[in-house]
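Below is structure.cif, holding mmCIF, C-alpha atoms and all ligand atoms.
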```
data_data
#
loop_
_atom_site.group_PDB
_atom_site.id
_atom_site.type_symbol
_atom_site.label_atom_id
_atom_site.label_comp_id
_atom_site.auth_asym_id
_atom_site.auth_seq_id
_atom_site.Cartn_x
_atom_site.Cartn_y
_atom_site.Cartn_z
ATOM 1 C CA MET A 16 41.322 24.909 -171.756
ATOM 2 C CA PRO A 17 40.352 21.961 -173.978
ATOM 3 C CA ILE A 18 43.111 19.954 -175.642
ATOM 4 C CA TYR A 19 42.217 18.392 -178.977
ATOM 5 C CA GLU A 20 44.342 15.910 -180.864
ATOM 6 C CA TYR A 21 44.752 16.246 -184.629
ATOM 7 C CA LEU A 22 46.073 14.039 -187.415
ATOM 8 C CA CYS A 23 47.652 15.397 -190.588
ATOM 9 C CA PRO A 24 46.442 13.421 -193.625
ATOM 10 C CA ALA A 25 49.367 14.685 -195.706
ATOM 11 C CA CYS A 26 52.311 13.527 -193.565
ATOM 12 C CA GLY A 27 50.677 11.452 -190.810
ATOM 13 C CA GLN A 28 51.799 13.786 -188.013
ATOM 14 C CA ARG A 29 49.708 13.610 -184.822
ATOM 15 C CA PHE A 30 49.718 16.688 -182.627
ATOM 16 C CA GLU A 31 47.770 18.323 -179.814
ATOM 17 C CA HIS A 32 46.290 21.797 -179.931
ATOM 18 C CA TYR A 33 45.184 23.898 -176.962
ATOM 19 C CA TRP A 34 42.004 25.861 -177.640
ATOM 20 C CA ARG A 35 40.772 28.865 -175.664
ATOM 21 C CA SER A 36 37.375 27.182 -175.332
ATOM 22 C CA VAL A 37 35.327 24.291 -176.698
ATOM 23 C CA ALA A 38 33.251 26.809 -178.691
ATOM 24 C CA ALA A 39 36.400 28.129 -180.402
ATOM 25 C CA ALA A 40 37.506 24.580 -181.253
ATOM 26 C CA GLU A 41 34.110 23.852 -182.843
ATOM 27 C CA ARG A 42 33.832 27.170 -184.677
ATOM 28 C CA GLU A 43 37.352 27.815 -185.955
ATOM 29 C CA PRO A 44 39.177 25.840 -188.678
ATOM 30 C CA PRO A 45 41.580 23.113 -187.480
ATOM 31 C CA PRO A 46 45.157 24.190 -186.696
ATOM 32 C CA PRO A 47 47.732 23.662 -189.475
ATOM 33 C CA CYS A 48 50.143 20.740 -189.238
ATOM 34 C CA PRO A 49 53.296 21.777 -187.313
ATOM 35 C CA ALA A 50 55.413 19.375 -189.392
ATOM 36 C CA CYS A 51 54.422 20.229 -192.986
ATOM 37 C CA GLY A 52 51.988 23.129 -192.701
ATOM 38 C CA HIS A 53 49.031 21.252 -194.217
ATOM 39 C CA SER A 54 45.892 23.196 -193.285
ATOM 40 C CA GLU A 55 43.177 20.525 -193.456
ATOM 41 C CA THR A 56 44.096 18.434 -190.435
ATOM 42 C CA GLN A 57 41.574 16.045 -188.906
ATOM 43 C CA ARG A 58 40.502 15.893 -185.289
ATOM 44 C CA VAL A 59 41.240 12.629 -183.507
ATOM 45 C CA ILE A 60 38.892 11.393 -180.787
ATOM 46 C CA SER A 61 41.343 10.666 -177.990
ATOM 47 C CA GLN A 62 41.276 7.260 -176.312
ATOM 48 C CA VAL A 63 43.011 8.756 -173.261
ATOM 49 C CA ALA A 64 39.936 10.781 -172.318
ATOM 50 C CA VAL A 65 37.724 7.669 -172.496
ATOM 51 C CA LEU A 66 40.077 5.604 -170.324
ATOM 52 C CA GLY A 67 40.388 8.469 -167.828
ATOM 53 C CA GLY A 68 36.611 8.469 -167.412
ATOM 54 C CA LEU A 69 36.711 4.909 -166.071
ATOM 55 C CA GLY A 70 38.817 6.044 -163.121
ATOM 56 C CA GLY A 71 41.602 3.542 -163.825
ATOM 57 C CA LEU A 72 39.581 0.560 -162.595
ATOM 58 C CA THR A 73 39.383 -2.758 -164.429
ATOM 59 C CA PRO A 74 35.867 -3.982 -165.385
ATOM 60 C CA SER A 75 35.891 -6.535 -162.533
ATOM 61 C CA GLU A 76 36.937 -3.845 -160.038
ATOM 62 C CA GLN A 77 34.142 -1.604 -161.270
ATOM 63 C CA ALA A 78 31.624 -4.437 -160.878
ATOM 64 C CA ALA A 79 32.871 -5.069 -157.318
ATOM 65 C CA GLU A 80 32.633 -1.357 -156.541
ATOM 66 C CA ARG A 81 29.076 -1.193 -157.874
ATOM 67 C CA ALA A 82 28.033 -4.326 -155.940
ATOM 68 C CA HIS A 83 29.485 -2.822 -152.762
ATOM 69 C CA GLU A 84 27.525 0.397 -153.284
ATOM 70 C CA GLU A 85 24.307 -1.518 -153.946
ATOM 71 C CA ARG A 86 24.839 -3.542 -150.768
ATOM 72 C CA LEU A 87 25.310 -0.342 -148.747
ATOM 73 C CA ALA A 88 22.194 1.197 -150.307
ATOM 74 C CA LYS A 89 20.136 -1.842 -149.228
ATOM 75 C CA ILE A 90 21.644 -2.164 -145.734
ATOM 76 C CA THR A 91 21.470 1.466 -144.668
ATOM 77 C CA PRO A 92 17.688 1.976 -144.824
ATOM 78 C CA ARG A 93 17.071 -1.327 -142.984
ATOM 79 C CA GLU A 94 19.401 -0.258 -140.165
ATOM 80 C CA GLN A 95 17.579 3.025 -139.882
ATOM 81 C CA ILE A 96 14.221 1.217 -139.738
ATOM 82 C CA GLU A 97 15.523 -1.093 -137.007
ATOM 83 C CA LYS A 98 16.800 1.853 -134.984
ATOM 84 C CA PHE A 99 13.432 3.511 -135.394
ATOM 85 C CA ARG A 100 11.642 0.327 -134.223
ATOM 86 C CA ALA A 101 14.007 -0.035 -131.248
ATOM 87 C CA ALA A 102 13.298 3.547 -130.229
ATOM 88 C CA LYS A 103 9.557 2.922 -130.501
ATOM 89 C CA GLN A 104 9.781 -0.197 -128.319
ATOM 90 C CA GLN A 105 11.653 1.740 -125.630
ATOM 91 C CA GLU A 106 8.900 4.313 -125.608
ATOM 92 C CA GLY A 107 6.170 1.715 -125.324
HETATM 93 ZN ZN ZN B 201 51.669 17.310 -192.013
#
```

Please go through the file and, once you have read it, give me the structure as C-alpha cells.
Ligand SMILES: [Zn+2]
Amino acid sequence: MPIYEYLCPACGQRFEHYWRSVAAAEREPPPPCPACGHSETQRVISQVAVLGGLGGLTPSEQAAERAHEERLAKITPREQIEKFRAAKQQEG
C-alpha cells in the first residue's frame, strides 16, 4: 500500500495518506486536508524514500563498498583461471 505525503496550501498542514494502489493515487483527486478540510492539497515528494534507497550508507561508505565489489569481480575470474591452469598441468 503506497503512502503519499501531502501539503495543504491553505493551512500548511502536512499529512500522509494511504492509497489502495499507486494507480488509485494517480487517478483519484488528492485527499482533503485533515486539519481544515481544504480539498486541493498538493503531493509532496518525500525525502525519506530517497534516503532509504541509499541503504543508510554515507557516500564514502558506498564508494568503499563499490570498490570492494569491483575488486572481487576482478579477482574471482583470475582465481578460476589459475585453478583451471593448475588442473591442466596436473593432467599433462
Ligand atoms: Zn489545511

**OP:** Select the residues contacting ligand ZN 201 (chain B) at a distance of at most 8 Å, based on only C-alpha atoms and all ligand atoms, then format the selection as an MDAnalysis selection string.
**Re:** chainID A and resid 22:28 47:53 56

**OP:** Specify as a PyMOL selection string each residue included when the PyMOL selection byres (((chain A and resi 35) around 6) and not hetatm) is applied to this file.
**Re:** chain A and resi 16+34+36

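Taking all atoms listed in the file into account, Ser54 in chain A lies nearest to A:Tyr21 out of the set A:Glu94, A:Ala40, A:Phe99, A:Tyr21.
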
How big is the axis-aligned box around all listed atoms of range 39-47 of chain A once 6 Å goes on each side, and where's its centre, in Å to one decimal, as JSON?
```
{"center_x": 40.8, "center_y": 25.6, "center_z": -184.9, "size_x": 25.9, "size_y": 17.0, "size_z": 21.1}
```

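Rounded to one decimal, CA of Glu80 in chain A and CA of Arg93 in chain A lie 20.6 Å from each other.
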
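Going from CA of Ala79 in chain A to CA of Gln95 in chain A covers 24.6 Å.
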
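Atom pair CA of Ala102 in chain A / CA of Ala88 in chain A has a distance of 22.1 Å (rounded to one decimal).
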
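Distances to Pro17 in chain A were evaluated for A:Arg29, A:Ala39, A:Arg58, A:Ala82 using only C-alpha atoms, and the minimum falls at A:Ala39.
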